[in-house]
Structure formats: structure tokens, C-alpha cells
>>> print(open('entry.cif').read())   # mmCIF, C-alpha atoms and all ligand atoms
data_data
#
loop_
_atom_site.label_atom_id
_atom_site.label_comp_id
_atom_site.auth_asym_id
_atom_site.auth_seq_id
_atom_site.Cartn_x
_atom_site.Cartn_y
_atom_site.Cartn_z
CA ALA A 1 208.31 15.46 182.71
CA PHE A 2 208.59 16.33 186.38
CA ASN A 3 205.31 17.30 187.96
CA SER A 4 206.41 20.91 188.39
CA LYS A 5 206.67 21.05 184.57
CA LYS A 6 203.22 19.58 184.03
CA THR A 7 200.05 21.64 183.82
CA TYR A 8 197.53 21.41 186.63
CA GLY A 9 195.26 19.64 184.18
CA GLU A 10 197.86 17.06 183.24
CA ARG A 11 198.35 16.23 186.90
CA ILE A 12 194.71 15.22 187.53
CA GLU A 13 195.50 11.65 186.54
CA ASN A 14 198.16 11.47 189.28
CA PHE A 15 195.44 11.48 191.94
CA THR A 16 192.67 9.10 192.93
CA ASN A 17 191.39 11.44 195.63
CA ILE A 18 188.22 13.22 194.49
CA ALA A 19 189.00 16.55 196.17
CA ALA A 20 192.46 16.68 194.56
CA ARG A 21 191.08 15.88 191.13
CA GLU A 22 188.31 18.45 191.50
CA LEU A 23 190.77 21.12 192.66
CA LEU A 24 193.17 20.63 189.75
CA THR A 25 190.26 20.61 187.30
CA LEU A 26 188.94 23.84 188.76
CA MET A 27 192.35 25.54 188.68
CA GLU A 28 192.75 24.68 185.02
CA ARG A 29 189.24 25.89 184.20
CA LYS A 30 189.40 29.17 186.15
CA LYS A 31 193.10 29.73 185.44
CA THR A 32 193.93 30.54 189.03
CA ASN A 33 196.27 29.18 191.69
CA LEU A 34 195.15 31.76 194.25
CA SER A 35 193.64 30.83 197.59
CA LEU A 36 192.15 33.58 199.73
CA ALA A 37 192.75 33.31 203.49
CA LEU A 38 189.68 35.18 204.67
CA ASP A 39 190.41 35.84 208.33
CA VAL A 40 187.65 38.27 209.27
CA ASN A 41 185.40 38.02 212.31
CA THR A 42 181.85 38.59 211.12
CA LYS A 43 179.54 36.75 208.73
CA ARG A 44 178.71 39.96 206.95
CA GLU A 45 182.34 40.90 206.20
CA PHE A 46 183.20 37.34 205.26
CA LEU A 47 180.32 36.83 202.85
CA GLU A 48 180.76 40.28 201.29
CA ILE A 49 184.46 39.76 200.54
CA ALA A 50 184.00 36.13 199.46
CA ASP A 51 181.34 37.26 196.97
CA LYS A 52 183.68 39.87 195.49
CA VAL A 53 186.83 37.73 195.35
CA GLY A 54 185.14 34.40 194.54
CA PRO A 55 185.59 34.69 190.73
CA TYR A 56 189.39 34.89 191.06
CA ILE A 57 190.21 32.05 193.46
CA CYS A 58 190.39 28.28 193.32
CA LEU A 59 190.17 27.81 197.07
CA LEU A 60 188.65 29.77 199.93
CA LYS A 61 190.59 29.19 203.13
CA THR A 62 188.63 29.54 206.36
CA HIS A 63 189.27 29.70 210.09
CA ILE A 64 185.69 28.95 211.01
CA ASP A 65 186.31 29.39 214.76
CA ILE A 66 187.17 33.10 214.48
CA LEU A 67 183.65 34.12 213.42
CA VAL A 68 181.87 35.82 216.32
CA ASP A 69 178.41 35.22 214.85
CA PHE A 70 178.80 31.75 213.34
CA ASP A 71 175.55 29.85 212.80
CA GLN A 72 174.12 27.27 210.42
CA ASP A 73 172.93 30.05 208.13
CA PHE A 74 176.57 30.96 207.53
CA ILE A 75 177.24 27.50 206.12
CA GLU A 76 174.23 27.79 203.83
CA GLN A 77 175.37 31.20 202.57
CA LEU A 78 178.90 29.88 202.09
CA LYS A 79 177.64 26.95 200.02
CA LYS A 80 175.60 29.36 197.87
CA LEU A 81 178.70 31.43 197.15
CA GLN A 82 180.65 28.27 196.42
CA ASN A 83 178.12 27.29 193.76
CA LYS A 84 177.89 30.80 192.39
CA HIS A 85 181.65 31.30 191.99
CA ASP A 86 182.97 27.75 191.63
CA PHE A 87 185.64 27.53 194.33
CA MET A 88 186.54 24.87 196.85
CA ILE A 89 186.74 25.33 200.61
CA PHE A 90 189.74 24.63 202.81
CA GLU A 91 189.24 24.81 206.59
CA ASP A 92 192.69 25.54 208.02
CA ARG A 93 191.89 23.61 211.21
CA LYS A 94 195.39 22.27 211.89
CA PHE A 95 194.22 19.17 213.74
CA ALA A 96 196.85 17.95 216.18
CA ASP A 97 195.35 15.29 218.48
CA ILE A 98 195.03 11.49 218.52
CA GLY A 99 192.97 9.77 215.83
CA ASN A 100 189.86 9.20 217.94
CA THR A 101 189.65 12.81 219.09
CA VAL A 102 190.22 14.41 215.69
CA LYS A 103 187.49 12.21 214.24
CA HIS A 104 185.02 13.89 216.59
CA GLN A 105 186.50 17.34 216.04
CA TYR A 106 186.24 16.90 212.27
CA SER A 107 182.67 15.64 212.09
CA LYS A 108 180.88 16.89 215.21
CA GLY A 109 180.72 19.92 217.52
CA ILE A 110 179.18 23.17 216.31
CA TYR A 111 181.16 23.38 213.09
CA LYS A 112 180.82 19.91 211.54
CA ILE A 113 183.81 20.73 209.33
CA ALA A 114 183.66 17.53 207.28
CA GLU A 115 180.20 18.47 206.00
CA TRP A 116 181.31 21.59 204.15
CA ALA A 117 185.11 21.73 203.87
CA ASN A 118 186.48 19.96 200.81
CA ILE A 119 189.98 20.10 202.28
CA THR A 120 191.39 20.40 205.79
CA ASN A 121 194.85 20.03 207.30
CA ALA A 122 196.64 18.33 210.18
CA HIS A 123 199.96 18.39 211.97
CA PRO A 124 201.87 15.11 211.52
CA LEU A 125 203.09 15.51 215.15
CA PRO A 126 200.85 12.81 216.75
CA GLY A 127 201.82 10.12 214.21
CA ASP A 128 199.83 8.17 211.61
CA GLY A 129 196.73 7.80 213.82
CA ILE A 130 195.75 11.41 213.15
CA VAL A 131 195.52 10.68 209.42
CA SER A 132 193.68 7.38 209.96
CA GLY A 133 191.11 9.07 212.23
CA LEU A 134 190.43 11.93 209.83
CA LYS A 135 190.36 9.53 206.88
CA GLU A 136 187.55 7.44 208.43
CA VAL A 137 185.36 10.52 208.35
CA GLY A 138 186.65 12.34 205.29
CA LEU A 139 187.34 9.78 202.62
CA PRO A 140 183.74 8.50 202.29
CA LEU A 141 182.71 12.15 201.84
CA GLY A 142 185.26 12.76 199.09
CA ARG A 143 187.44 15.03 201.24
CA GLY A 144 191.20 15.56 201.08
CA LEU A 145 193.86 16.27 203.69
CA LEU A 146 197.03 18.36 203.69
CA LEU A 147 199.83 17.66 206.14
CA LEU A 148 201.67 20.62 207.66
CA ALA A 149 205.20 19.80 206.58
CA GLU A 150 206.49 23.35 207.07
CA MET A 151 205.13 26.61 208.44
CA SER A 152 205.70 30.15 207.22
CA SER A 153 206.34 31.66 210.65
CA LYS A 154 209.73 32.62 212.01
CA GLY A 155 211.32 29.96 214.20
CA SER A 156 209.03 27.15 213.01
CA LEU A 157 210.11 23.75 214.36
CA ALA A 158 208.70 21.97 211.32
CA THR A 159 211.98 21.62 209.42
CA GLY A 160 214.54 18.99 208.44
CA ALA A 161 213.77 15.48 209.69
CA TYR A 162 210.27 16.54 210.80
CA THR A 163 209.43 17.75 207.29
CA GLU A 164 210.84 14.54 205.82
CA ALA A 165 208.73 12.46 208.22
CA ALA A 166 205.65 14.40 207.08
CA VAL A 167 206.41 13.37 203.48
CA GLU A 168 206.79 9.73 204.55
CA MET A 169 203.48 9.88 206.39
CA ALA A 170 201.76 11.30 203.31
CA ARG A 171 203.17 8.45 201.20
CA ARG A 172 201.50 5.92 203.51
CA HIS A 173 198.09 7.55 202.98
CA ARG A 174 198.03 8.49 199.32
CA ASP A 175 194.27 7.96 199.02
CA PHE A 176 193.49 10.74 201.50
CA VAL A 177 196.57 12.95 201.85
CA ILE A 178 196.61 15.11 198.72
CA GLY A 179 199.54 17.32 199.60
CA PHE A 180 201.28 19.64 201.99
CA ILE A 181 201.37 23.04 203.51
CA ALA A 182 204.97 23.98 202.78
CA GLY A 183 207.05 26.72 201.24
CA ARG A 184 208.34 24.60 198.39
CA LYS A 185 207.79 21.40 196.44
CA LEU A 186 209.05 18.61 198.72
CA VAL A 187 208.99 15.65 196.36
CA SER A 188 210.63 15.93 192.97
CA ASN A 189 209.84 12.55 191.55
CA GLU A 190 207.76 12.25 188.41
CA ASN A 191 206.06 9.11 189.69
CA GLU A 192 204.46 10.68 192.72
CA ASP A 193 202.59 13.91 193.03
CA PHE A 194 201.44 16.05 195.93
CA ILE A 195 199.75 19.45 195.80
CA VAL A 196 201.75 22.06 197.72
CA MET A 197 200.05 25.12 199.16
CA SER A 198 202.08 28.01 200.55
CA PRO A 199 200.89 30.60 203.06
CA GLY A 200 202.95 33.65 203.91
CA VAL A 201 202.58 35.29 200.49
CA GLY A 202 202.52 39.06 200.06
CA LEU A 203 203.65 41.60 197.48
CA ASP A 204 203.95 44.65 199.70
CA SER A 205 205.43 43.59 203.02
CA SER A 206 208.02 41.09 204.25
CA LYS A 207 206.59 40.43 207.71
CA ASP A 208 203.89 41.28 210.22
CA GLY A 209 204.63 42.02 213.88
CA LEU A 210 203.87 38.48 215.04
CA GLY A 211 206.30 36.20 213.24
CA GLN A 212 204.67 35.88 209.84
CA GLN A 213 207.18 35.99 206.95
CA TYR A 214 206.13 36.92 203.41
CA ARG A 215 207.49 35.87 200.05
CA THR A 216 206.25 36.83 196.59
CA PRO A 217 204.04 34.68 194.33
CA ARG A 218 206.94 34.45 191.87
CA ASN A 219 209.32 33.22 194.54
CA VAL A 220 206.84 30.62 195.78
CA ILE A 221 205.51 29.30 192.44
CA LEU A 222 208.42 29.75 190.06
CA GLU A 223 211.48 29.36 192.26
CA SER A 224 210.10 26.97 194.88
CA ASN A 225 207.69 24.97 192.67
CA SER A 226 204.75 25.29 195.01
CA ASP A 227 201.28 24.97 193.46
CA ILE A 228 198.95 27.34 195.30
CA ILE A 229 199.55 30.74 196.87
CA ILE A 230 197.58 31.48 200.02
CA VAL A 231 197.03 35.21 200.50
CA GLY A 232 195.15 36.89 203.33
CA ARG A 233 195.82 40.42 204.51
CA GLY A 234 197.58 41.30 201.26
CA ILE A 235 194.14 41.16 199.64
CA TYR A 236 191.51 42.05 202.21
CA GLU A 237 193.44 44.59 204.29
CA SER A 238 194.74 46.64 201.39
CA ASP A 239 193.79 50.31 201.00
CA LYS A 240 192.92 49.52 197.41
CA ASP A 241 189.85 47.73 196.16
CA VAL A 242 189.77 44.03 197.18
CA ILE A 243 188.85 42.97 193.65
CA GLU A 244 191.80 44.89 192.25
CA GLU A 245 194.13 43.28 194.81
CA ALA A 246 192.75 39.78 194.20
CA LEU A 247 193.35 40.23 190.48
CA ARG A 248 196.87 41.42 191.15
CA TYR A 249 197.68 38.26 193.12
CA LYS A 250 195.79 36.01 190.72
CA ASN A 251 197.83 37.35 187.79
CA ALA A 252 201.12 37.21 189.68
CA GLY A 253 200.49 33.58 190.69
CA TRP A 254 199.32 32.46 187.26
CA ASN A 255 202.10 34.23 185.37
CA ALA A 256 204.71 32.63 187.64
CA TYR A 257 203.13 29.24 186.87
CA LEU A 258 203.16 29.87 183.11
CA GLU A 259 206.80 30.93 183.34
CA ARG A 260 207.61 27.73 185.25
CA LEU A 261 206.02 25.61 182.50
CA MET A 262 208.05 27.36 179.81
CA ASN A 263 211.42 27.32 181.56
P1 LIG A 301 198.11 36.41 205.90
O1 LIG A 301 197.13 37.46 206.25
O2 LIG A 301 198.34 36.30 204.38
O3 LIG A 301 199.40 36.48 206.66
O4 LIG A 301 197.39 35.05 206.32
C1 LIG A 301 198.00 33.79 206.24
C2 LIG A 301 197.01 32.71 206.54
O5 LIG A 301 197.64 31.43 206.39
C3 LIG A 301 196.45 32.72 207.95
O6 LIG A 301 195.11 32.26 207.87
C4 LIG A 301 197.28 31.71 208.70
O7 LIG A 301 196.56 31.06 209.73
C5 LIG A 301 197.63 30.73 207.62
N1 LIG A 301 198.94 30.05 207.79
C6 LIG A 301 200.14 30.72 207.79
O8 LIG A 301 200.18 31.94 207.68
N2 LIG A 301 201.31 30.03 207.91
C7 LIG A 301 201.34 28.70 208.03
O9 LIG A 301 202.42 28.10 208.11
C8 LIG A 301 200.09 28.01 208.03
C9 LIG A 301 198.93 28.71 207.91
BR1 LIG A 301 200.05 26.20 208.18
#
>>> encode(input="entry.cif", output="C-alpha cells", more="lines below")
Ligand code: 5BU
Amino acid sequence: AFNSKKTYGERIENFTNIAARELLTLMERKKTNLSLALDVNTKREFLEIADKVGPYICLLKTHIDILVDFDQDFIEQLKKLQNKHDFMIFEDRKFADIGNTVKHQYSKGIYKIAEWANITNAHPLPGDGIVSGLKEVGLPLGRGLLLLAEMSSKGSLATGAYTEAAVEMARRHRDFVIGFIAGRKLVSNENEDFIVMSPGVGLDSSKDGLGQQYRTPRNVILESNSDIIIVGRGIYESDKDVIEEALRYKNAGWNAYLERLMN
């Protein structure tokens, strides 16, 4: 069967990459395809929300450089929550430089992303060297990479031939590139599998004031055959309880997946 018709668990064998295998295993076990994009600015807010929503997500997506009070203690607290709630961590770093530079950016500096982020992402824009540079650091640590094949924002230039070239690049680095950021499944071949994660998911609004465009979990998972919904403000900026909102998205994402399997 095509990979969109297979369960997350059945797809584990399609990957050699440790992070991909671990992620699919975790999704099957926790029955969730929800990733929380936790874009808040303080350690306290971040850790509080992550502790509440942790049970319902497979992946916690970070923008580590927006924390105003980042320190090493934050990483220790984050790792504690990761063990407590059993989720993986995706630093949405969007690397975009030459291989040698991204190697340093990935492993060094204040954030040392490779030490704690199971997954990160990169723009294919600079060419294959960006993947090779990140791979030198990440693969020995069991990390995985997503290529930005599409973006959710209005007017994105990542379309058409660019998106196709991102798929080709991923094919040349199957050991490290585990999938894509995209709005839809890009490869519909039962012999090759990539994990697709989609940002720009919301149940209550269609856009923000800065170019973001929202689609529903059902649209993304059932109609577009994506694998993971990435939800930020829809969960943590709601007037309702964050746990209630997380559950609402978790259920919407998982039900759309179950419906896809049955169709
Ligand atoms: P929101 O609050 O659900 O709109 O947050 C979306 C998150 O996904 C936010 O962290 C963005 O940086 C991220 N994102 C995105 O919105 N669109 C994209 O194409 C990519 C990332 Br890549």
C-alpha cells in the first residue's frame, strides 16, 4: 500500500535514521500526530505550557533564539520534561548558509542545538553542502533533518521547481533527511517514504496579520496526506484552557489520520 495508507508504526521499517524511527514509534505509542510550536519568550511560560501539553504531543517545536532568559538550566529543564512526557524536540532553526557555517551554527554558539534537538530543519537554497555540513554533526548523534520544501506563508517562493529540487536533494541524503516541511505529501511512491510536517494549522482562524495562512487538521492530514500537524497560537493563545485546546487538536489530527487509513 502507499505510505499514506500505512500506519505510522508500519512505516518505521522504511527508515534507517534513528530519529525518524523513534518519532514514528512514539506517535504510534502515544496516538498523536500533534506538534506544539511553543513560541513564547520566557523560560517560565515555556516550561509551564510544555509540562501541561507534553502528554498530548509527539514533537515539541522550539525557536530557541526567542527566549529572553535562555540559559543552560533551560536545556536541563527541557530534557526533564522530555523524559517525563515522552516527546521529541524539533528546533525550527531553518539553517540557510554554506555547509561549513551551518556545522558551527548547529553544534556551537550558545545554543548547541545538536546536543538537545532530535530534529532540525534547513532551507535547500544553498545546495547539497548545507545537508552535508549538518549531517557531519547530526548523524553521529542520531539526529534527523527536514528540508523546507514549502512554506505556509502567503507569497512563499518555495513552490514548483524549487519544491521538486528539495525532494531531489532529500533523495540524495536518505540517511539524514527524514522528511519535509510542506503542506502536503510530496512523494507518492510506495518504495520511498518521507515524514511530512505541516505548519499553518488552526481551527479557528484562516490567517494572522503577517502572512500566515491556516488550514484545518483534516485538510492537512486527510486531504493532503501530511503526517504531522504543527500548531502554535491555536493552542497556547486560546482563551480556553491550553490542555483542552491541545486535546482538541490532538483528536482532530488523529481522527483525520484514522479516516485516511480507512478510506
Ligand atoms: P502558529 O502560531 O501556529 O502560526 O505558529 C506556526 C509555527 O510554525 C511558527 O513557529 C513558525 O515559525 C513555524 N512555521 C510556519 O508557520 N510556516 C512555515 O512554513 C514554517 C514554519 Br517552515
>>> closest_residue(input="entry.cif", among="A:Asp86, A:Asp204, A:Asp92, A:Glu136", to="ligand LIG 301 (chain A)", atoms="all atoms listed in the file")
A:Asp92
>>> closest_residue(input="entry.cif", among="A:Asp175, A:Thr16, A:Ile243, A:Tyr56", to="Lys30 (chain A)", atoms="only C-alpha atoms")
A:Tyr56
>>> residues_near_ligand(input="entry.cif", ligand="ligand LIG 301 (chain A)", cutoff="7 Å", atoms="only C-alpha atoms and all ligand atoms", output="VMD selection string")
chain A and resid 37 to 39 63 92 148 150 to 153 181 199 to 202 212 230 to 234
>>> closest_residue(input="entry.cif", among="A:Phe194, A:Phe176, A:Tyr236, A:Tyr214", to="Ile18 (chain A)", atoms="only C-alpha atoms")
A:Phe176
>>> closest_residue(input="entry.cif", among="A:Glu245, A:Ala182, A:Lys154, A:Trp254", to="Ser206 (chain A)", atoms="all atoms listed in the file")
A:Lys154
>>> atom_distance(input="entry.cif", atom1="CA of Ser226 (chain A)", atom2="CA of Ala50 (chain A)")
23.8 Å
>>> closest_residue(input="entry.cif", among="A:Ser156, A:Asn118, A:Ser107, A:Ser132", to="Asn17 (chain A)", atoms="all atoms listed in the file")
A:Asn118
>>> atom_distance(input="entry.cif", atom1="CA of Val167 (chain A)", atom2="CA of Arg29 (chain A)")
28.7 Å
>>> atom_distance(input="entry.cif", atom1="CA of Phe15 (chain A)", atom2="CA of Gly179 (chain A)")
10.5 Å
>>> closest_residue(input="entry.cif", among="A:Lys80, A:Thr32, A:Gly109, A:Thr120", to="Arg248 (chain A)", atoms="all atoms listed in the file")
A:Thr32
>>> residues_near_point(input="entry.cif", point="(186.8, 26.8, 195.6)", cutoff="7 Å", atoms="only C-alpha atoms", output="list of chain:residue names")
A:Ile57, A:Cys58, A:Leu59, A:Leu60, A:Gln82, A:Asp86, A:Phe87, A:Met88, A:Ile89
>>> residues_around(input="entry.cif", residues="Glu244 (chain A)", least_positions_apart="3", cutoff="12 Å", atoms="all atoms listed in the file", output="PyMOL selection string")
chain A and resi 52-53+56+234-236+238-241+247-251
>>> residues_around(input="entry.cif", residues="Asp97 (chain A)", least_positions_apart="5", cutoff="10 Å", atoms="only C-alpha atoms", output="list of chain:residue names")
A:Val102, A:Lys103, A:Gln105, A:Ala122, A:His123, A:Pro124, A:Leu125, A:Pro126, A:Gly127, A:Gly129, A:Ile130, A:Gly133
>>> residues_near_point(input="entry.cif", point="(204.2, 17.1, 199.5)", cutoff="12 Å", atoms="only C-alpha atoms", output="PyMOL selection string")
chain A and resi 3-4+145-150+163-171+173-174+177-189+192-198+225-227
>>> residues_around(input="entry.cif", residues="Ala252 (chain A)", least_positions_apart="5", cutoff="10 Å", atoms="only C-alpha atoms", output="MDAnalysis selection string")
chainID A and resid 32:34 203 216:218 221 229 246:247 257
